[in-house]
file model00.pdb (PDB, C-alpha atoms, pLDDT in the B column)
ATOM      1  CA  MET A   1      88.303 125.660 152.990  1.00 46.00           C
ATOM      2  CA  ASP A   2      89.613 122.271 154.001  1.00 49.00           C
ATOM      3  CA  PRO A   3      93.147 122.061 152.614  1.00 48.00           C
ATOM      4  CA  HIS A   4      92.799 118.297 152.317  1.00 49.00           C
ATOM      5  CA  SER A   5      89.764 118.630 150.054  1.00 48.00           C
ATOM      6  CA  ALA A   6      91.288 121.231 147.758  1.00 49.00           C
ATOM      7  CA  THR A   7      92.230 120.116 144.249  1.00 48.00           C
ATOM      8  CA  PRO A   8      96.002 120.168 143.716  1.00 48.00           C
ATOM      9  CA  PRO A   9      97.174 122.815 141.237  1.00 45.00           C
ATOM     10  CA  SER A  10      98.524 120.112 138.907  1.00 42.00           C
ATOM     11  CA  GLU A  11      95.095 118.467 138.691  1.00 44.00           C
ATOM     12  CA  GLN A  12      93.421 121.848 138.209  1.00 44.00           C
ATOM     13  CA  HIS A  13      95.755 122.477 135.298  1.00 42.00           C
ATOM     14  CA  SER A  14      94.998 119.055 133.799  1.00 41.00           C
ATOM     15  CA  GLU A  15      91.243 119.636 134.017  1.00 41.00           C
ATOM     16  CA  SER A  16      91.670 123.033 132.419  1.00 41.00           C
ATOM     17  CA  ASP A  17      93.628 121.456 129.580  1.00 44.00           C
ATOM     18  CA  SER A  18      90.962 118.845 128.859  1.00 49.00           C
ATOM     19  CA  LEU A  19      88.175 121.415 128.976  1.00 53.00           C
ATOM     20  CA  PHE A  20      89.662 124.256 126.964  1.00 56.00           C
ATOM     21  CA  ASP A  21      92.590 123.020 124.874  1.00 73.00           C
ATOM     22  CA  ALA A  22      90.623 120.884 122.392  1.00 83.00           C
ATOM     23  CA  PRO A  23      90.018 122.729 119.100  1.00 90.00           C
ATOM     24  CA  PRO A  24      86.459 123.337 117.869  1.00 92.00           C
ATOM     25  CA  ILE A  25      84.819 120.319 116.217  1.00 93.00           C
ATOM     26  CA  ALA A  26      85.073 122.032 112.816  1.00 93.00           C
ATOM     27  CA  GLU A  27      88.847 122.232 113.228  1.00 94.00           C
ATOM     28  CA  GLN A  28      88.977 118.605 114.377  1.00 94.00           C
ATOM     29  CA  GLU A  29      87.048 117.674 111.254  1.00 95.00           C
ATOM     30  CA  ARG A  30      89.660 119.444 109.112  1.00 95.00           C
ATOM     31  CA  MET A  31      92.432 117.534 110.889  1.00 95.00           C
ATOM     32  CA  VAL A  32      90.732 114.204 110.253  1.00 95.00           C
ATOM     33  CA  GLU A  33      90.178 115.147 106.628  1.00 95.00           C
ATOM     34  CA  ALA A  34      93.861 115.967 106.180  1.00 95.00           C
ATOM     35  CA  VAL A  35      95.034 112.691 107.731  1.00 95.00           C
ATOM     36  CA  LEU A  36      92.626 110.489 105.770  1.00 94.00           C
ATOM     37  CA  PHE A  37      93.404 112.295 102.516  1.00 93.00           C
ATOM     38  CA  ALA A  38      97.167 111.873 102.948  1.00 93.00           C
ATOM     39  CA  SER A  39      97.105 108.286 104.195  1.00 91.00           C
ATOM     40  CA  ALA A  40      97.597 105.466 101.691  1.00 87.00           C
ATOM     41  CA  THR A  41      95.866 103.030 104.042  1.00 91.00           C
ATOM     42  CA  PRO A  42      92.757 103.275 106.250  1.00 93.00           C
ATOM     43  CA  VAL A  43      93.318 104.951 109.619  1.00 95.00           C
ATOM     44  CA  THR A  44      91.843 103.812 112.935  1.00 95.00           C
ATOM     45  CA  LEU A  45      90.274 106.151 115.484  1.00 95.00           C
ATOM     46  CA  ARG A  46      93.084 105.261 117.852  1.00 94.00           C
ATOM     47  CA  ASP A  47      95.660 106.411 115.300  1.00 95.00           C
ATOM     48  CA  LEU A  48      93.723 109.640 114.777  1.00 95.00           C
ATOM     49  CA  GLU A  49      93.535 110.229 118.515  1.00 93.00           C
ATOM     50  CA  GLY A  50      97.314 109.815 118.746  1.00 93.00           C
ATOM     51  CA  ARG A  51      97.853 112.442 116.050  1.00 93.00           C
ATOM     52  CA  MET A  52      95.312 115.026 117.180  1.00 93.00           C
ATOM     53  CA  PRO A  53      95.639 117.465 120.111  1.00 91.00           C
ATOM     54  CA  HIS A  54      94.661 116.370 123.617  1.00 89.00           C
ATOM     55  CA  GLY A  55      90.926 116.370 124.228  1.00 90.00           C
ATOM     56  CA  CYS A  56      89.855 115.851 120.592  1.00 94.00           C
ATOM     57  CA  ASP A  57      87.043 113.452 119.718  1.00 95.00           C
ATOM     58  CA  PRO A  58      88.094 111.760 116.447  1.00 95.00           C
ATOM     59  CA  GLY A  59      84.935 109.630 116.379  1.00 94.00           C
ATOM     60  CA  ALA A  60      82.677 112.687 116.332  1.00 95.00           C
ATOM     61  CA  ALA A  61      84.946 114.434 113.831  1.00 95.00           C
ATOM     62  CA  VAL A  62      84.855 111.433 111.473  1.00 96.00           C
ATOM     63  CA  GLU A  63      81.063 111.308 111.677  1.00 95.00           C
ATOM     64  CA  HIS A  64      80.813 115.033 110.851  1.00 94.00           C
ATOM     65  CA  LEU A  65      83.185 114.536 107.925  1.00 95.00           C
ATOM     66  CA  ARG A  66      81.292 111.466 106.682  1.00 94.00           C
ATOM     67  CA  LYS A  67      78.027 113.406 106.566  1.00 94.00           C
ATOM     68  CA  ARG A  68      79.712 116.346 104.840  1.00 93.00           C
ATOM     69  CA  TYR A  69      80.937 114.089 102.017  1.00 94.00           C
ATOM     70  CA  GLU A  70      77.585 112.381 101.406  1.00 92.00           C
ATOM     71  CA  GLY A  71      76.641 112.702  97.739  1.00 91.00           C
ATOM     72  CA  ARG A  72      80.063 114.061  96.743  1.00 93.00           C
ATOM     73  CA  GLY A  73      82.640 112.619  94.350  1.00 93.00           C
ATOM     74  CA  VAL A  74      84.516 111.058  97.243  1.00 92.00           C
ATOM     75  CA  ARG A  75      83.181 109.724 100.505  1.00 93.00           C
ATOM     76  CA  VAL A  76      84.397 108.710 103.952  1.00 95.00           C
ATOM     77  CA  VAL A  77      84.035 104.950 104.350  1.00 93.00           C
ATOM     78  CA  GLN A  78      84.643 102.499 107.149  1.00 92.00           C
ATOM     79  CA  VAL A  79      87.012  99.626 106.405  1.00 91.00           C
ATOM     80  CA  GLY A  80      86.943  97.140 109.248  1.00 87.00           C
ATOM     81  CA  GLU A  81      87.830  99.217 112.296  1.00 90.00           C
ATOM     82  CA  ALA A  82      89.472 101.999 110.282  1.00 93.00           C
ATOM     83  CA  TRP A  83      88.378 104.903 108.069  1.00 95.00           C
ATOM     84  CA  ALA A  84      89.431 106.124 104.636  1.00 95.00           C
ATOM     85  CA  ILE A  85      88.507 108.578 101.872  1.00 93.00           C
ATOM     86  CA  ARG A  86      87.531 106.730  98.707  1.00 92.00           C
ATOM     87  CA  THR A  87      86.053 107.555  95.303  1.00 90.00           C
ATOM     88  CA  ALA A  88      82.270 107.269  95.150  1.00 89.00           C
ATOM     89  CA  PRO A  89      81.447 103.802  93.744  1.00 86.00           C
ATOM     90  CA  ASP A  90      79.400 105.144  90.839  1.00 88.00           C
ATOM     91  CA  LEU A  91      82.365 107.238  89.648  1.00 87.00           C
ATOM     92  CA  GLY A  92      84.979 104.495  89.756  1.00 80.00           C
ATOM     93  CA  PHE A  93      84.855 104.091  85.966  1.00 80.00           C
ATOM     94  CA  LEU A  94      86.497 107.508  85.626  1.00 82.00           C
ATOM     95  CA  MET A  95      89.673 106.208  87.278  1.00 74.00           C
ATOM     96  CA  GLN A  96      90.054 102.939  85.386  1.00 67.00           C
ATOM     97  CA  LYS A  97      92.503 104.162  82.771  1.00 62.00           C
ATOM     98  CA  GLU A  98      94.719 105.746  85.399  1.00 54.00           C
ATOM     99  CA  ILE A  99      94.772 103.179  88.198  1.00 51.00           C
ATOM    100  CA  VAL A 100      93.538  99.775  87.019  1.00 53.00           C
ATOM    101  CA  GLU A 101      96.217  97.136  86.638  1.00 55.00           C
ATOM    102  CA  THR A 102      94.905  93.645  85.962  1.00 57.00           C
ATOM    103  CA  ARG A 103      96.235  91.022  88.319  1.00 63.00           C
ATOM    104  CA  LYS A 104      95.523  87.450  87.300  1.00 73.00           C
ATOM    105  CA  LEU A 105      95.051  84.761  89.896  1.00 78.00           C
ATOM    106  CA  SER A 106      94.973  81.057  89.303  1.00 82.00           C
ATOM    107  CA  ARG A 107      91.774  79.146  89.897  1.00 84.00           C
ATOM    108  CA  ALA A 108      93.457  77.584  92.925  1.00 87.00           C
ATOM    109  CA  ALA A 109      94.237  81.006  94.407  1.00 88.00           C
ATOM    110  CA  ILE A 110      90.715  82.306  93.760  1.00 86.00           C
ATOM    111  CA  GLU A 111      89.110  79.272  95.354  1.00 87.00           C
ATOM    112  CA  THR A 112      91.459  79.414  98.334  1.00 89.00           C
ATOM    113  CA  LEU A 113      90.758  83.119  98.830  1.00 89.00           C
ATOM    114  CA  ALA A 114      87.001  82.553  98.622  1.00 87.00           C
ATOM    115  CA  ILE A 115      87.155  79.734 101.178  1.00 89.00           C
ATOM    116  CA  ILE A 116      89.159  81.864 103.591  1.00 90.00           C
ATOM    117  CA  ALA A 117      86.788  84.809 103.189  1.00 88.00           C
ATOM    118  CA  TYR A 118      83.651  82.750 103.796  1.00 87.00           C
ATOM    119  CA  HIS A 119      84.947  80.327 106.424  1.00 88.00           C
ATOM    120  CA  GLN A 120      87.489  82.418 108.361  1.00 87.00           C
ATOM    121  CA  PRO A 121      89.256  81.651 110.547  1.00 91.00           C
ATOM    122  CA  VAL A 122      90.124  78.488 108.613  1.00 91.00           C
ATOM    123  CA  THR A 123      93.129  76.151 108.686  1.00 92.00           C
ATOM    124  CA  ARG A 124      95.020  74.780 105.695  1.00 91.00           C
ATOM    125  CA  ALA A 125      93.565  71.299 106.375  1.00 91.00           C
ATOM    126  CA  GLU A 126      90.040  72.730 106.313  1.00 91.00           C
ATOM    127  CA  ILE A 127      90.750  74.537 103.040  1.00 91.00           C
ATOM    128  CA  GLU A 128      92.009  71.282 101.542  1.00 90.00           C
ATOM    129  CA  GLU A 129      88.941  69.397 102.756  1.00 90.00           C
ATOM    130  CA  ILE A 130      86.607  71.936 101.154  1.00 88.00           C
ATOM    131  CA  ARG A 131      88.532  72.078  97.862  1.00 86.00           C
ATOM    132  CA  GLY A 132      89.088  68.336  97.708  1.00 85.00           C
ATOM    133  CA  VAL A 133      92.780  68.789  96.846  1.00 86.00           C
ATOM    134  CA  SER A 134      95.857  69.873  98.713  1.00 85.00           C
ATOM    135  CA  VAL A 135      96.795  73.560  98.770  1.00 84.00           C
ATOM    136  CA  SER A 136     100.281  74.388  97.559  1.00 83.00           C
ATOM    137  CA  ARG A 137     102.471  76.666  99.644  1.00 82.00           C
ATOM    138  CA  GLY A 138     102.855  78.981  96.665  1.00 85.00           C
ATOM    139  CA  THR A 139      99.117  79.623  96.485  1.00 87.00           C
ATOM    140  CA  VAL A 140      98.917  80.721 100.123  1.00 88.00           C
ATOM    141  CA  ASP A 141     102.182  82.676  99.859  1.00 88.00           C
ATOM    142  CA  GLN A 142     100.785  84.661  96.917  1.00 87.00           C
ATOM    143  CA  LEU A 143      97.717  85.703  98.914  1.00 90.00           C
ATOM    144  CA  LEU A 144      99.919  86.604 101.893  1.00 90.00           C
ATOM    145  CA  GLU A 145     102.242  88.698  99.701  1.00 88.00           C
ATOM    146  CA  MET A 146      99.256  90.552  98.256  1.00 87.00           C
ATOM    147  CA  GLU A 147      98.209  91.266 101.865  1.00 87.00           C
ATOM    148  CA  TRP A 148      94.703  90.003 101.146  1.00 90.00           C
ATOM    149  CA  VAL A 149      95.182  87.191 103.674  1.00 92.00           C
ATOM    150  CA  ARG A 150      97.014  87.061 106.981  1.00 92.00           C
ATOM    151  CA  ILE A 151      97.770  84.431 109.581  1.00 91.00           C
ATOM    152  CA  GLY A 152      95.225  84.360 112.410  1.00 90.00           C
ATOM    153  CA  ARG A 153      95.228  82.702 115.816  1.00 90.00           C
ATOM    154  CA  ARG A 154      96.283  79.119 116.286  1.00 90.00           C
ATOM    155  CA  ARG A 155      93.565  76.584 116.886  1.00 88.00           C
ATOM    156  CA  MET A 156      93.489  74.999 120.341  1.00 88.00           C
ATOM    157  CA  THR A 157      93.580  71.536 118.777  1.00 86.00           C
ATOM    158  CA  PRO A 158      96.356  68.933 118.461  1.00 88.00           C
ATOM    159  CA  GLY A 159      99.266  70.445 116.609  1.00 87.00           C
ATOM    160  CA  ARG A 160      97.846  73.943 117.164  1.00 90.00           C
ATOM    161  CA  PRO A 161      97.519  74.709 113.420  1.00 91.00           C
ATOM    162  CA  VAL A 162      97.494  78.325 112.283  1.00 91.00           C
ATOM    163  CA  THR A 163      94.365  79.815 110.769  1.00 92.00           C
ATOM    164  CA  PHE A 164      93.949  82.245 107.896  1.00 93.00           C
ATOM    165  CA  VAL A 165      91.690  85.315 107.684  1.00 92.00           C
ATOM    166  CA  VAL A 166      91.185  88.106 105.157  1.00 91.00           C
ATOM    167  CA  THR A 167      92.720  91.524 105.827  1.00 90.00           C
ATOM    168  CA  PRO A 168      91.484  95.122 105.787  1.00 88.00           C
ATOM    169  CA  VAL A 169      93.443  95.478 102.518  1.00 87.00           C
ATOM    170  CA  PHE A 170      91.173  92.828 100.969  1.00 86.00           C
ATOM    171  CA  LEU A 171      88.059  94.549 102.331  1.00 85.00           C
ATOM    172  CA  ASP A 172      89.233  97.955 101.135  1.00 84.00           C
ATOM    173  CA  HIS A 173      90.068  96.648  97.658  1.00 80.00           C
ATOM    174  CA  PHE A 174      86.540  95.338  97.155  1.00 78.00           C
ATOM    175  CA  GLY A 175      84.758  98.179  98.966  1.00 79.00           C
ATOM    176  CA  LEU A 176      83.569  96.042 101.878  1.00 80.00           C
ATOM    177  CA  GLU A 177      83.093  97.242 105.438  1.00 76.00           C
ATOM    178  CA  SER A 178      83.428  93.699 106.803  1.00 78.00           C
ATOM    179  CA  ALA A 179      83.409  90.096 105.620  1.00 76.00           C
ATOM    180  CA  ARG A 180      79.668  90.043 106.349  1.00 77.00           C
ATOM    181  CA  ASP A 181      79.201  92.196 103.238  1.00 75.00           C
ATOM    182  CA  LEU A 182      80.552  89.494 100.907  1.00 77.00           C
ATOM    183  CA  PRO A 183      78.207  88.480  98.061  1.00 70.00           C
ATOM    184  CA  GLY A 184      75.994  85.423  98.308  1.00 67.00           C
ATOM    185  CA  LEU A 185      76.349  82.105  96.485  1.00 59.00           C
ATOM    186  CA  LYS A 186      74.265  83.285  93.516  1.00 65.00           C
ATOM    187  CA  GLU A 187      76.522  86.296  92.950  1.00 65.00           C
ATOM    188  CA  LEU A 188      79.645  84.128  93.270  1.00 59.00           C
ATOM    189  CA  ARG A 189      78.408  81.667  90.655  1.00 61.00           C
ATOM    190  CA  ALA A 190      77.519  84.549  88.331  1.00 66.00           C
ATOM    191  CA  ALA A 191      81.054  85.923  88.730  1.00 59.00           C
ATOM    192  CA  GLY A 192      82.583  82.513  88.018  1.00 58.00           C
ATOM    193  CA  LEU A 193      84.065  82.092  91.492  1.00 54.00           C
ATOM    194  CA  LEU A 194      82.179  78.865  92.125  1.00 53.00           C
ATOM    195  CA  GLU A 195      82.614  76.041  89.664  1.00 52.00           C
ATOM    196  CA  ASN A 196      81.656  72.377  89.613  1.00 45.00           C
ATOM    197  CA  ARG A 197      84.380  70.710  91.626  1.00 47.00           C
ATOM    198  CA  PRO A 198      84.861  67.085  92.679  1.00 44.00           C
ATOM    199  CA  PRO A 199      83.255  66.544  96.099  1.00 42.00           C
ATOM    200  CA  PRO A 200      85.593  66.706  99.106  1.00 43.00           C
ATOM    201  CA  GLY A 201      87.477  63.431  99.521  1.00 42.00           C
ATOM    202  CA  SER A 202      87.023  62.250  95.919  1.00 42.00           C
ATOM    203  CA  LEU A 203      90.681  63.033  95.218  1.00 41.00           C
ATOM    204  CA  PRO A 204      93.534  62.097  97.563  1.00 45.00           C
ATOM    205  CA  LEU A 205      95.072  65.086  99.299  1.00 42.00           C
ATOM    206  CA  GLY A 206      98.448  64.223  97.856  1.00 43.00           C
ATOM    207  CA  GLN A 207      97.086  64.754  94.343  1.00 44.00           C
ATOM    208  CA  ASP A 208      97.447  68.495  93.973  1.00 44.00           C
ATOM    209  CA  ASN A 209      95.871  69.967  90.862  1.00 45.00           C
ATOM    210  CA  ASP A 210      97.161  73.472  91.626  1.00 44.00           C
ATOM    211  CA  GLU A 211      99.660  73.083  88.802  1.00 40.00           C
ATOM    212  CA  GLU A 212      96.801  72.301  86.455  1.00 38.00           C
ATOM    213  CA  ASP A 213      94.956  75.342  87.740  1.00 43.00           C
ATOM    214  CA  GLU A 214      97.866  77.541  86.739  1.00 39.00           C
ATOM    215  CA  VAL A 215      97.576  76.786  83.031  1.00 34.00           C
ATOM    216  CA  GLY A 216      94.843  77.704  80.606  1.00 35.00           C
ATOM    217  CA  ASP A 217      92.554  80.675  81.023  1.00 38.00           C
ATOM    218  CA  GLN A 218      92.980  82.491  84.308  1.00 37.00           C
ATOM    219  CA  PRO A 219      89.962  84.408  85.597  1.00 37.00           C
ATOM    220  CA  GLU A 220      90.551  88.128  85.668  1.00 35.00           C
ATOM    221  CA  LEU A 221      88.219  88.680  88.593  1.00 38.00           C
ATOM    222  CA  PHE A 222      90.579  90.537  90.851  1.00 40.00           C
ATOM    223  CA  GLY A 223      92.033  93.809  89.595  1.00 39.00           C
ATOM    224  CA  GLU A 224      94.102  96.324  91.412  1.00 38.00           C
TER
END
call {"tool": "encode", "arguments": {"input": "model00.pdb", "output": "structure tokens"}}
result
Amino acid sequence: MDPHSATPPSEQHSESDSLFDAPPIAEQERMVEAVLFASATPVTLRDLEGRMPHGCDPGAAVEHLRKRYEGRGVRVVQVGEAWAIRTAPDLGFLMQKEIVETRKLSRAAIETLAIIAYHQPVTRAEIEEIRGVSVSRGTVDQLLEMEWVRIGRRRMTPGRPVTFVVTPVFLDHFGLESARDLPGLKELRAAGLLENRPPPGSLPLGQDNDEEDEVGDQPELFGE
């Protein structure tokens, strides 16, 4: 045997580890189940890989687990690029008394959130142009604090304004895999999210009616 062609013992050991140290897929599935069950937030495959023993395939384990939970009271769902265990949608009514806490948003906040969700990534100036009024800092801050919106990349335009996008927390709250699953215009009008507004530019941007939006009836469309 050519000594130069022989595999070093250290590499032989590494190959042995990758071939034989990974637990059976059933055990990997149990590990994934435990992590998703205990996690308060969705978990990415990369996070799972970092937690599981060397050589595991979290993607395959998640898929096995997802199929196992089909038709059960809970299911494994994808939220953006992460995974979570959630109550089956048709059984959500059973949890309402225990977990539902109504959170009221102003009309300004609802409209701003809808614009971000449907036009992301979008700048503050673009939000104001669509709404026809300026957006108060408090409205954006509320959505940021709720973690339904986050700051995205800066635009490569003069001033390099920041953009806003919705977060996995927003998607998870409304049972969406991605922003592409958002309802259409007809569903939004039926839910009261779209109202007759003055056309963009009919009101000066300095005239902010956010304060007016805060009074009166506030839509209870977003509950947590």
call {"tool": "atom_distance", "arguments": {"input": "model00.pdb", "atom1": "CA of Gly73 (chain A)", "atom2": "CA of Leu182 (chain A)"}}
result
24.1 Å
call {"tool": "resolve_selection", "arguments": {"input": "model00.pdb", "expression": "the PyMOL selection byres ((chain A and resi 49) around 12)", "output": "list of chain:residue names"}}
result
A:Ala22, A:Gln28, A:Met31, A:Val32, A:Val35, A:Val43, A:Thr44, A:Leu45, A:Arg46, A:Asp47, A:Leu48, A:Gly50, A:Arg51, A:Met52, A:Pro53, A:His54, A:Gly55, A:Cys56, A:Asp57, A:Pro58, A:Gly59, A:Ala60, A:Ala61, A:Val62
call {"tool": "atom_distance", "arguments": {"input": "model00.pdb", "atom1": "CA of Ala179 (chain A)", "atom2": "CA of Ile127 (chain A)"}}
result
17.4 Å
call {"tool": "resolve_selection", "arguments": {"input": "model00.pdb", "expression": "the PyMOL selection byres ((chain A and resi 108-116) around 7)", "output": "mmCIF file with C-alpha atoms, in the coordinates of the input"}}
result
data_model
loop_
_atom_site.group_PDB
_atom_site.id
_atom_site.type_symbol
_atom_site.label_atom_id
_atom_site.label_comp_id
_atom_site.auth_asym_id
_atom_site.auth_seq_id
_atom_site.Cartn_x
_atom_site.Cartn_y
_atom_site.Cartn_z
ATOM 1 C CA LEU A 105 95.051 84.761 89.896
ATOM 2 C CA SER A 106 94.973 81.057 89.303
ATOM 3 C CA ARG A 107 91.774 79.146 89.897
ATOM 4 C CA ALA A 117 86.788 84.809 103.189
ATOM 5 C CA TYR A 118 83.651 82.750 103.796
ATOM 6 C CA HIS A 119 84.947 80.327 106.424
ATOM 7 C CA GLN A 120 87.489 82.418 108.361
ATOM 8 C CA PRO A 121 89.256 81.651 110.547
ATOM 9 C CA VAL A 122 90.124 78.488 108.613
ATOM 10 C CA ILE A 127 90.750 74.537 103.040
ATOM 11 C CA THR A 139 99.117 79.623 96.485
ATOM 12 C CA PHE A 164 93.949 82.245 107.896
ATOM 13 C CA VAL A 165 91.690 85.315 107.684
ATOM 14 C CA VAL A 166 91.185 88.106 105.157
ATOM 15 C CA LEU A 193 84.065 82.092 91.492
ATOM 16 C CA ASP A 210 97.161 73.472 91.626
ATOM 17 C CA ASP A 213 94.956 75.342 87.740
#
call {"tool": "residues_around", "arguments": {"input": "model00.pdb", "residues": "Asp90 (chain A)", "least_positions_apart": "4", "cutoff": "12 Å", "atoms": "all atoms listed in the file", "output": "PyMOL selection string"}}
result
chain A and resi 71-75+86+94-95+175
call {"tool": "resolve_selection", "arguments": {"input": "model00.pdb", "expression": "the PyMOL selection byres ((chain A and resi 125) around 12)", "output": "PyMOL selection string"}}
result
chain A and resi 112+115-116+121-124+126-136+155+159-164+200+205
call {"tool": "residues_near_point", "arguments": {"input": "model00.pdb", "point": "(85.4, 104.0, 99.6)", "cutoff": "12 Å", "atoms": "only C-alpha atoms", "output": "ChimeraX atom specification"}}
result
/A:36-37,41-42,66,69-70,72-80,82-92,171-177
call {"tool": "atom_distance", "arguments": {"input": "model00.pdb", "atom1": "CA of Arg180 (chain A)", "atom2": "CA of Thr157 (chain A)"}}
result
26.3 Å
call {"tool": "closest_residue", "arguments": {"input": "model00.pdb", "among": "A:Lys67, A:Phe170, A:Arg137, A:Ala38", "to": "Val149 (chain A)", "atoms": "all atoms listed in the file"}}
result
A:Phe170
